[in-house]
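Peer 1: Got a file for you: query23.pdb, PDB, C-alpha atoms, pLDDT in the B column.
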```
ATOM      1  CA  MET A   1       8.441  -3.185  -0.860  1.00 70.00           C
ATOM      2  CA  MET A   2      10.056  -3.727   2.521  1.00 80.00           C
ATOM      3  CA  PRO A   3      10.776  -0.021   3.148  1.00 85.00           C
ATOM      4  CA  MET A   4       7.140   0.787   2.373  1.00 89.00           C
ATOM      5  CA  MET A   5       6.015  -1.929   4.762  1.00 94.00           C
ATOM      6  CA  SER A   6       8.382  -0.474   7.363  1.00 96.00           C
ATOM      7  CA  PHE A   7       6.552   2.849   7.156  1.00 96.00           C
ATOM      8  CA  GLY A   8       3.332   0.979   7.925  1.00 96.00           C
ATOM      9  CA  ILE A   9       4.835  -0.971  10.809  1.00 96.00           C
ATOM     10  CA  ALA A  10       6.152   2.274  12.274  1.00 97.00           C
ATOM     11  CA  MET A  11       2.643   3.719  11.995  1.00 97.00           C
ATOM     12  CA  ALA A  12       1.197   0.764  13.933  1.00 97.00           C
ATOM     13  CA  ALA A  13       3.476   1.460  16.898  1.00 97.00           C
ATOM     14  CA  TYR A  14       3.075   5.239  16.634  1.00 97.00           C
ATOM     15  CA  THR A  15      -0.708   4.961  16.390  1.00 97.00           C
ATOM     16  CA  ALA A  16      -0.997   2.538  19.295  1.00 96.00           C
ATOM     17  CA  GLN A  17       1.164   4.746  21.523  1.00 96.00           C
ATOM     18  CA  ASN A  18      -0.798   7.886  20.753  1.00 94.00           C
ATOM     19  CA  TYR A  19      -4.117   6.073  20.988  1.00 92.00           C
ATOM     20  CA  GLY A  20      -3.170   4.794  24.432  1.00 92.00           C
ATOM     21  CA  ALA A  21      -1.996   8.264  25.484  1.00 91.00           C
ATOM     22  CA  ARG A  22      -5.260   9.749  24.128  1.00 86.00           C
ATOM     23  CA  LYS A  23      -3.349  12.103  21.821  1.00 88.00           C
ATOM     24  CA  PHE A  24      -5.650  11.511  18.897  1.00 86.00           C
ATOM     25  CA  HIS A  25      -4.685  14.618  16.927  1.00 86.00           C
ATOM     26  CA  ARG A  26      -1.145  13.244  16.640  1.00 92.00           C
ATOM     27  CA  ILE A  27      -2.411  10.114  14.880  1.00 93.00           C
ATOM     28  CA  GLY A  28      -3.810  12.127  11.970  1.00 92.00           C
ATOM     29  CA  GLU A  29      -0.655  14.198  11.732  1.00 95.00           C
ATOM     30  CA  GLY A  30       1.461  11.030  11.773  1.00 96.00           C
ATOM     31  CA  VAL A  31      -0.604   9.375   9.058  1.00 96.00           C
ATOM     32  CA  ARG A  32      -0.328  12.455   6.866  1.00 96.00           C
ATOM     33  CA  LYS A  33       3.436  12.866   7.277  1.00 97.00           C
ATOM     34  CA  CYS A  34       4.190   9.165   6.998  1.00 97.00           C
ATOM     35  CA  SER A  35       2.027   8.980   3.871  1.00 97.00           C
ATOM     36  CA  TYR A  36       4.073  11.759   2.271  1.00 97.00           C
ATOM     37  CA  MET A  37       7.329   9.961   3.052  1.00 97.00           C
ATOM     38  CA  SER A  38       6.025   6.588   1.925  1.00 97.00           C
ATOM     39  CA  LEU A  39       4.559   8.025  -1.287  1.00 97.00           C
ATOM     40  CA  ALA A  40       7.846   9.778  -2.078  1.00 97.00           C
ATOM     41  CA  PHE A  41       9.720   6.517  -1.572  1.00 97.00           C
ATOM     42  CA  ALA A  42       7.170   4.614  -3.694  1.00 97.00           C
ATOM     43  CA  VAL A  43       7.509   7.072  -6.577  1.00 97.00           C
ATOM     44  CA  ALA A  44      11.317   6.948  -6.387  1.00 97.00           C
ATOM     45  CA  ALA A  45      11.382   3.138  -6.159  1.00 96.00           C
ATOM     46  CA  GLY A  46       8.903   2.782  -9.011  1.00 97.00           C
ATOM     47  CA  ALA A  47      10.875   5.198 -11.185  1.00 97.00           C
ATOM     48  CA  GLY A  48      14.084   3.331 -10.350  1.00 96.00           C
ATOM     49  CA  LEU A  49      12.572  -0.020 -11.321  1.00 95.00           C
ATOM     50  CA  ILE A  50      11.256   1.390 -14.557  1.00 96.00           C
ATOM     51  CA  ALA A  51      14.502   3.176 -15.462  1.00 97.00           C
ATOM     52  CA  PHE A  52      16.986   0.523 -14.335  1.00 97.00           C
ATOM     53  CA  GLY A  53      14.838  -2.581 -14.599  1.00 96.00           C
ATOM     54  CA  PRO A  54      16.495  -4.081 -17.679  1.00 96.00           C
ATOM     55  CA  SER A  55      19.960  -3.691 -16.162  1.00 96.00           C
ATOM     56  CA  LEU A  56      18.839  -5.218 -12.857  1.00 95.00           C
ATOM     57  CA  LEU A  57      17.155  -8.109 -14.614  1.00 96.00           C
ATOM     58  CA  ALA A  58      20.256  -8.738 -16.735  1.00 96.00           C
ATOM     59  CA  LEU A  59      22.234  -9.264 -13.524  1.00 95.00           C
ATOM     60  CA  PHE A  60      20.005 -12.231 -12.709  1.00 94.00           C
ATOM     61  CA  VAL A  61      19.321 -13.827 -16.088  1.00 94.00           C
ATOM     62  CA  GLY A  62      22.228 -12.644 -18.231  1.00 91.00           C
ATOM     63  CA  ALA A  63      22.264  -9.920 -20.851  1.00 90.00           C
ATOM     64  CA  GLY A  64      21.563 -12.370 -23.683  1.00 90.00           C
ATOM     65  CA  GLU A  65      18.104 -13.249 -22.436  1.00 93.00           C
ATOM     66  CA  ARG A  66      16.343 -10.424 -24.280  1.00 95.00           C
ATOM     67  CA  GLU A  67      12.850 -11.953 -24.161  1.00 96.00           C
ATOM     68  CA  VAL A  68      13.041 -12.674 -20.416  1.00 96.00           C
ATOM     69  CA  ILE A  69      14.355  -9.156 -19.746  1.00 96.00           C
ATOM     70  CA  SER A  70      11.597  -7.628 -21.869  1.00 96.00           C
ATOM     71  CA  LEU A  71       8.858  -9.571 -20.048  1.00 97.00           C
ATOM     72  CA  GLY A  72      10.436  -8.862 -16.672  1.00 97.00           C
ATOM     73  CA  HIS A  73      10.649  -5.165 -17.472  1.00 97.00           C
ATOM     74  CA  GLU A  74       6.970  -5.128 -18.428  1.00 97.00           C
ATOM     75  CA  TYR A  75       6.188  -6.635 -15.013  1.00 97.00           C
ATOM     76  CA  LEU A  76       8.363  -4.047 -13.255  1.00 97.00           C
ATOM     77  CA  ILE A  77       6.707  -1.187 -15.146  1.00 97.00           C
ATOM     78  CA  VAL A  78       3.176  -2.319 -14.257  1.00 97.00           C
ATOM     79  CA  ASN A  79       4.090  -2.808 -10.594  1.00 97.00           C
ATOM     80  CA  GLY A  80       6.344   0.241 -10.313  1.00 96.00           C
ATOM     81  CA  VAL A  81       3.638   2.566 -11.611  1.00 97.00           C
ATOM     82  CA  CYS A  82       1.306   1.279  -8.884  1.00 97.00           C
ATOM     83  CA  TYR A  83       3.695   1.319  -5.928  1.00 97.00           C
ATOM     84  CA  TRP A  84       1.978   4.440  -4.600  1.00 97.00           C
ATOM     85  CA  ILE A  85      -1.153   2.363  -3.987  1.00 97.00           C
ATOM     86  CA  LEU A  86       0.882  -0.200  -2.058  1.00 97.00           C
ATOM     87  CA  SER A  87       2.442   2.521   0.073  1.00 97.00           C
ATOM     88  CA  LEU A  88      -0.992   3.813   1.135  1.00 97.00           C
ATOM     89  CA  LEU A  89      -2.221   0.259   1.713  1.00 97.00           C
ATOM     90  CA  PHE A  90       0.527  -0.301   4.289  1.00 97.00           C
ATOM     91  CA  ILE A  91      -0.150   3.017   6.046  1.00 97.00           C
ATOM     92  CA  PHE A  92      -3.906   2.407   6.303  1.00 97.00           C
ATOM     93  CA  ARG A  93      -3.605  -1.288   7.277  1.00 97.00           C
ATOM     94  CA  TYR A  94      -1.084  -0.790  10.037  1.00 97.00           C
ATOM     95  CA  THR A  95      -2.714   2.389  11.362  1.00 97.00           C
ATOM     96  CA  LEU A  96      -5.995   0.516  11.744  1.00 97.00           C
ATOM     97  CA  GLN A  97      -4.180  -2.335  13.461  1.00 97.00           C
ATOM     98  CA  GLY A  98      -2.556   0.193  15.794  1.00 96.00           C
ATOM     99  CA  LEU A  99      -6.062   1.340  16.698  1.00 95.00           C
ATOM    100  CA  GLY A 100      -6.933  -2.219  17.646  1.00 94.00           C
ATOM    101  CA  GLN A 101      -9.004  -2.958  14.561  1.00 94.00           C
ATOM    102  CA  SER A 102      -8.445  -6.390  13.075  1.00 92.00           C
ATOM    103  CA  VAL A 103     -11.603  -7.109  11.082  1.00 96.00           C
ATOM    104  CA  VAL A 104     -11.047  -4.664   8.219  1.00 96.00           C
ATOM    105  CA  PRO A 105      -7.374  -5.615   7.702  1.00 95.00           C
ATOM    106  CA  THR A 106      -8.523  -9.247   7.540  1.00 95.00           C
ATOM    107  CA  ILE A 107     -11.189  -8.339   4.985  1.00 96.00           C
ATOM    108  CA  ALA A 108      -8.520  -6.458   3.040  1.00 97.00           C
ATOM    109  CA  GLY A 109      -6.373  -9.601   2.974  1.00 95.00           C
ATOM    110  CA  ILE A 110      -9.310 -11.587   1.626  1.00 96.00           C
ATOM    111  CA  MET A 111      -9.867  -8.902  -1.018  1.00 97.00           C
ATOM    112  CA  GLU A 112      -6.213  -9.242  -2.070  1.00 96.00           C
ATOM    113  CA  LEU A 113      -6.671 -12.959  -2.551  1.00 96.00           C
ATOM    114  CA  LEU A 114      -9.907 -12.533  -4.503  1.00 97.00           C
ATOM    115  CA  MET A 115      -8.412  -9.882  -6.775  1.00 97.00           C
ATOM    116  CA  ARG A 116      -5.363 -12.053  -7.534  1.00 96.00           C
ATOM    117  CA  ALA A 117      -7.656 -14.990  -8.309  1.00 96.00           C
ATOM    118  CA  GLY A 118      -9.779 -12.726 -10.514  1.00 95.00           C
ATOM    119  CA  ALA A 119      -6.700 -11.629 -12.423  1.00 94.00           C
ATOM    120  CA  ALA A 120      -5.654 -15.250 -12.931  1.00 93.00           C
ATOM    121  CA  ILE A 121      -9.111 -16.407 -13.980  1.00 95.00           C
ATOM    122  CA  PHE A 122     -10.251 -13.471 -16.100  1.00 95.00           C
ATOM    123  CA  LEU A 123      -7.386 -11.202 -17.100  1.00 94.00           C
ATOM    124  CA  VAL A 124      -4.807 -13.804 -18.123  1.00 93.00           C
ATOM    125  CA  GLY A 125      -7.204 -15.311 -20.651  1.00 92.00           C
ATOM    126  CA  TRP A 126      -8.096 -11.874 -21.995  1.00 95.00           C
ATOM    127  CA  LEU A 127      -4.784  -9.977 -21.793  1.00 95.00           C
ATOM    128  CA  GLY A 128      -2.263 -12.797 -21.526  1.00 95.00           C
ATOM    129  CA  TYR A 129       0.947 -11.961 -19.722  1.00 96.00           C
ATOM    130  CA  LEU A 130      -0.167  -8.377 -19.043  1.00 96.00           C
ATOM    131  CA  GLY A 131      -3.151  -9.798 -17.162  1.00 95.00           C
ATOM    132  CA  ALA A 132      -0.775 -11.728 -14.915  1.00 96.00           C
ATOM    133  CA  CYS A 133       1.297  -8.575 -14.398  1.00 96.00           C
ATOM    134  CA  LEU A 134      -1.853  -6.735 -13.291  1.00 97.00           C
ATOM    135  CA  ALA A 135      -2.532  -9.228 -10.471  1.00 97.00           C
ATOM    136  CA  ASN A 136      -0.462  -7.308  -7.897  1.00 96.00           C
ATOM    137  CA  PRO A 137      -1.894  -3.843  -8.652  1.00 97.00           C
ATOM    138  CA  MET A 138      -5.415  -5.282  -8.667  1.00 97.00           C
ATOM    139  CA  ALA A 139      -4.794  -6.937  -5.306  1.00 97.00           C
ATOM    140  CA  TRP A 140      -3.420  -3.682  -3.898  1.00 98.00           C
ATOM    141  CA  ILE A 141      -6.443  -1.725  -5.114  1.00 97.00           C
ATOM    142  CA  GLY A 142      -8.865  -4.376  -3.842  1.00 97.00           C
ATOM    143  CA  SER A 143      -7.202  -4.274  -0.442  1.00 97.00           C
ATOM    144  CA  CYS A 144      -6.684  -0.529  -0.250  1.00 97.00           C
ATOM    145  CA  VAL A 145     -10.328   0.385  -0.918  1.00 97.00           C
ATOM    146  CA  PRO A 146     -11.812  -1.158   2.265  1.00 97.00           C
ATOM    147  CA  LEU A 147      -8.784  -0.024   4.279  1.00 97.00           C
ATOM    148  CA  ALA A 148      -9.108   3.588   3.098  1.00 97.00           C
ATOM    149  CA  ILE A 149     -12.857   3.612   3.713  1.00 97.00           C
ATOM    150  CA  ALA A 150     -12.382   2.167   7.215  1.00 97.00           C
ATOM    151  CA  PHE A 151      -9.545   4.554   8.003  1.00 96.00           C
ATOM    152  CA  PHE A 152     -11.414   7.692   6.943  1.00 94.00           C
ATOM    153  CA  TRP A 153     -14.616   6.494   8.625  1.00 94.00           C
ATOM    154  CA  THR A 154     -12.688   5.850  11.842  1.00 93.00           C
ATOM    155  CA  TRP A 155     -10.818   9.138  11.568  1.00 90.00           C
ATOM    156  CA  ARG A 156     -14.056  11.059  11.059  1.00 89.00           C
ATOM    157  CA  GLY A 157     -15.406   9.451  14.245  1.00 88.00           C
ATOM    158  CA  PHE A 158     -12.248  10.419  16.144  1.00 82.00           C
ATOM    159  CA  LYS A 159     -12.516  13.998  14.934  1.00 79.00           C
ATOM    160  CA  LYS A 160     -16.119  14.282  16.086  1.00 80.00           C
ATOM    161  CA  ARG A 161     -15.609  12.474  19.381  1.00 80.00           C
ATOM    162  CA  TYR A 162     -12.212  13.635  20.538  1.00 73.00           C
ATOM    163  CA  ILE A 163     -10.340  16.145  18.418  1.00 67.00           C
ATOM    164  CA  ASP A 164     -13.105  18.702  17.901  1.00 63.00           C
ATOM    165  CA  VAL A 165     -13.936  18.410  21.618  1.00 61.00           C
ATOM    166  CA  GLU A 166     -10.268  19.002  22.559  1.00 60.00           C
ATOM    167  CA  GLU A 167     -10.058  22.054  20.291  1.00 64.00           C
ATOM    168  CA  ALA A 168     -13.305  23.448  21.684  1.00 64.00           C
ATOM    169  CA  GLN A 169     -12.059  23.057  25.254  1.00 65.00           C
ATOM    170  CA  GLY A 170      -8.929  24.950  24.342  1.00 56.00           C
TER     171      GLY A 170
END
```
How would this structure read if it were set down as structure tokens?
Peer 2:
Amino acid sequence: MMPMMSFGIAMAAYTAQNYGARKFHRIGEGVRKCSYMSLAFAVAAGAGLIAFGPSLLALFVGAGEREVISLGHEYLIVNGVCYWILSLLFIFRYTLQGLGQSVVPTIAGIMELLMRAGAAIFLVGWLGYLGACLANPMAWIGSCVPLAIAFFWTWRGFKKRYIDVEEAQG
């Protein structure tokens, strides 16, 4: 997760610099390119966890702990499949913070908490251990939705206000 977060942190600095320099078109290009890199890493990391998860888990708990390895691998599969959502969450959150927006990232953090609580309260009773495994992906989705909406809403405003005007002026 740390490399994916690093992509987001880099976007915060990149966005703030270009926002301050009034080079708004570069922000969109940076988000797009950084999203591609972060998504590629997320897919590779998720595939690695799924493929090598049992071996990695055995290093920590011992090869004889079949039940623990099986449950741990189930957790890694559920999370690994959803890493792409987490990668976009970091890009959107930190880009918005680089633009000086703090309200929506705070709301996104609250959504994460609510979704984790919802998984604990509702899904664990219904799905058991799988419900607990789904807590992270649910939190990522719950956080990513307001972040994505805010990002695209903000970006649309930038396009209308600045980028289309720049292109029209030549």
Peer 1: For each of A:Pro54, A:Gly62, A:Gly157, A:Gly20, take the minimum atom-to-atom distance to Tyr75 in chain A, counting only C-alpha atoms, then give the residue where this is smallest.
Peer 2: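 Of A:Pro54, A:Gly62, A:Gly157, A:Gly20, the one nearest Tyr75 in chain A is A:Pro54, counting only C-alpha atoms.
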Peer 1: Given the PyMOL selection byres ((chain A and resi 130) around 12) and the file above, list the residues it selects as an MDAnalysis selection string.
Peer 2: chainID A and resid 71:79 119:120 122:129 131:137
Peer 1: Residues as selected, C-alpha atoms, written as a compact mmCIF listing (two decimals), in the coordinates of the input, can you do that?
Peer 2:
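Output (result-v1.txt):
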```
# COMPACT_ATOMS: atom_id res chain seq x y z
CA LEU A 71 8.86 -9.57 -20.05
CA GLY A 72 10.44 -8.86 -16.67
CA HIS A 73 10.65 -5.16 -17.47
CA GLU A 74 6.97 -5.13 -18.43
CA TYR A 75 6.19 -6.64 -15.01
CA LEU A 76 8.36 -4.05 -13.26
CA ILE A 77 6.71 -1.19 -15.15
CA VAL A 78 3.18 -2.32 -14.26
CA ASN A 79 4.09 -2.81 -10.59
CA ALA A 119 -6.70 -11.63 -12.42
CA ALA A 120 -5.65 -15.25 -12.93
CA PHE A 122 -10.25 -13.47 -16.10
CA LEU A 123 -7.39 -11.20 -17.10
CA VAL A 124 -4.81 -13.80 -18.12
CA GLY A 125 -7.20 -15.31 -20.65
CA TRP A 126 -8.10 -11.87 -22.00
CA LEU A 127 -4.78 -9.98 -21.79
CA GLY A 128 -2.26 -12.80 -21.53
CA TYR A 129 0.95 -11.96 -19.72
CA GLY A 131 -3.15 -9.80 -17.16
CA ALA A 132 -0.78 -11.73 -14.92
CA CYS A 133 1.30 -8.57 -14.40
CA LEU A 134 -1.85 -6.74 -13.29
CA ALA A 135 -2.53 -9.23 -10.47
CA ASN A 136 -0.46 -7.31 -7.90
CA PRO A 137 -1.89 -3.84 -8.65
```
Peer 1: I'd like the box whose edges run along x, y and z of the file and which contains every listed atom of range 72-76 of chain A, padded by 8 Å per side; could you state its centre and edge lengths in Å, one decimal, as lines of an AutoDock Vina configuration file?
Peer 2:
```
center_x = 8.4
center_y = -6.5
center_z = -15.8
size_x = 20.5
size_y = 20.8
size_z = 21.2
```
Peer 1: Tell me, in Å to one decimal, how far CA of Gly30 in chain A is from CA of Val104 in chain A.
Peer 2: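 Going from CA of Gly30 in chain A over to CA of Val104 in chain A, I get 20.4 Å.
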Peer 1: Rank nothing, just name the residue among A:Thr95, A:Thr15, A:Ser87, A:Ser6 nearest to Phe152 in chain A, using only C-alpha atoms.
Peer 2: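 Of all the options, A:Thr95 lies closest to Phe152 in chain A.
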Peer 1: When you count only C-alpha atoms, which of these residues is closest to Leu49 in chain A: A:Phe7, A:Val81, A:Ala139, A:Pro146?
Peer 2: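 Smallest distance to Leu49 in chain A is found for A:Val81.
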Peer 1: Counting only C-alpha atoms, which residue out of A:Ala148, A:Ile110, A:Ile91, A:Ile121 sits closest to Tyr36 in chain A?
Peer 2: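 Of A:Ala148, A:Ile110, A:Ile91, A:Ile121, the one nearest Tyr36 in chain A is A:Ile91, counting only C-alpha atoms.
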Peer 1: Compare A:Leu86, A:Ala58, A:Leu113, A:Ile69 by their minimum atom-to-atom distance to Trp140 in chain A, counting all atoms listed in the file, and give me the closest one.
Peer 2: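 Checking each candidate against Trp140 in chain A, we get A:Leu86 as the closest.
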Peer 1: Using all atoms listed in the file, find the one residue out of A:Gly142, A:Leu99, A:Met5, A:Gly64 that sits nearest to Phe24 in chain A.
Peer 2: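 Among the listed residues, the smallest separation from Phe24 in chain A belongs to A:Leu99.
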Peer 1: Which protein, DNA or RNA residues are at most 12 Å from (-5.0, -4.2, 20.1) in the file's coordinates when you count all atoms listed in the file, listed as a ChimeraX atom specification?
Peer 2: /A:12-13,15-17,19-20,94-103
Peer 1: Keeping only C-alpha atoms, take the residues you just selected and write them out as a PDB file, in the frame of the given file.
Peer 2:
```pdb
ATOM      1  CA  ALA A  12       1.197   0.764  13.933  1.00 97.00           C
ATOM      2  CA  ALA A  13       3.476   1.460  16.898  1.00 97.00           C
ATOM      3  CA  THR A  15      -0.708   4.961  16.390  1.00 97.00           C
ATOM      4  CA  ALA A  16      -0.997   2.538  19.295  1.00 96.00           C
ATOM      5  CA  GLN A  17       1.164   4.746  21.523  1.00 96.00           C
ATOM      6  CA  TYR A  19      -4.117   6.073  20.988  1.00 92.00           C
ATOM      7  CA  GLY A  20      -3.170   4.794  24.432  1.00 92.00           C
ATOM      8  CA  TYR A  94      -1.084  -0.790  10.037  1.00 97.00           C
ATOM      9  CA  THR A  95      -2.714   2.389  11.362  1.00 97.00           C
ATOM     10  CA  LEU A  96      -5.995   0.516  11.744  1.00 97.00           C
ATOM     11  CA  GLN A  97      -4.180  -2.335  13.461  1.00 97.00           C
ATOM     12  CA  GLY A  98      -2.556   0.193  15.794  1.00 96.00           C
ATOM     13  CA  LEU A  99      -6.062   1.340  16.698  1.00 95.00           C
ATOM     14  CA  GLY A 100      -6.933  -2.219  17.646  1.00 94.00           C
ATOM     15  CA  GLN A 101      -9.004  -2.958  14.561  1.00 94.00           C
ATOM     16  CA  SER A 102      -8.445  -6.390  13.075  1.00 92.00           C
ATOM     17  CA  VAL A 103     -11.603  -7.109  11.082  1.00 96.00           C
TER      18      VAL A 103
END
```
Peer 1: Expanded to explicit residues, what is the PyMOL selection byres ((chain A and resi 40) around 12) for this file, as a PDB file with C-alpha atoms, in the coordinates of the input?
Peer 2:
```pdb
ATOM      1  CA  PRO A   3      10.776  -0.021   3.148  1.00 85.00           C
ATOM      2  CA  MET A   4       7.140   0.787   2.373  1.00 89.00           C
ATOM      3  CA  PHE A   7       6.552   2.849   7.156  1.00 96.00           C
ATOM      4  CA  LYS A  33       3.436  12.866   7.277  1.00 97.00           C
ATOM      5  CA  CYS A  34       4.190   9.165   6.998  1.00 97.00           C
ATOM      6  CA  SER A  35       2.027   8.980   3.871  1.00 97.00           C
ATOM      7  CA  TYR A  36       4.073  11.759   2.271  1.00 97.00           C
ATOM      8  CA  MET A  37       7.329   9.961   3.052  1.00 97.00           C
ATOM      9  CA  SER A  38       6.025   6.588   1.925  1.00 97.00           C
ATOM     10  CA  LEU A  39       4.559   8.025  -1.287  1.00 97.00           C
ATOM     11  CA  PHE A  41       9.720   6.517  -1.572  1.00 97.00           C
ATOM     12  CA  ALA A  42       7.170   4.614  -3.694  1.00 97.00           C
ATOM     13  CA  VAL A  43       7.509   7.072  -6.577  1.00 97.00           C
ATOM     14  CA  ALA A  44      11.317   6.948  -6.387  1.00 97.00           C
ATOM     15  CA  ALA A  45      11.382   3.138  -6.159  1.00 96.00           C
ATOM     16  CA  GLY A  46       8.903   2.782  -9.011  1.00 97.00           C
ATOM     17  CA  ALA A  47      10.875   5.198 -11.185  1.00 97.00           C
ATOM     18  CA  TYR A  83       3.695   1.319  -5.928  1.00 97.00           C
ATOM     19  CA  TRP A  84       1.978   4.440  -4.600  1.00 97.00           C
ATOM     20  CA  ILE A  85      -1.153   2.363  -3.987  1.00 97.00           C
ATOM     21  CA  SER A  87       2.442   2.521   0.073  1.00 97.00           C
ATOM     22  CA  LEU A  88      -0.992   3.813   1.135  1.00 97.00           C
TER      23      LEU A  88
END
```
Peer 1: Residues near His25 in chain A, anyone? I mean within 9 Å using all atoms listed in the file, not counting same-chain ones fewer than 2 positions away, as a list in words.
Peer 2: Asn18, Arg22, Lys23, Ile27, Gly28, Glu29, Gly30, Phe158, Lys159, Tyr162 and Ile163 of chain A
Peer 1: Kindly give the distance, in Å, that separates CA of Ile9 in chain A and CA of Arg116 in chain A, rounded to a single decimal.
Peer 2: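 Going from CA of Ile9 in chain A over to CA of Arg116 in chain A covers 23.7 Å.
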Peer 1: Please compute the CA of Ala10 in chain A-CA of Arg32 in chain A distance, one decimal, in Å.
Peer 2: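 For CA of Ala10 in chain A relative to CA of Arg32 in chain A, the distance reads 13.2 Å.
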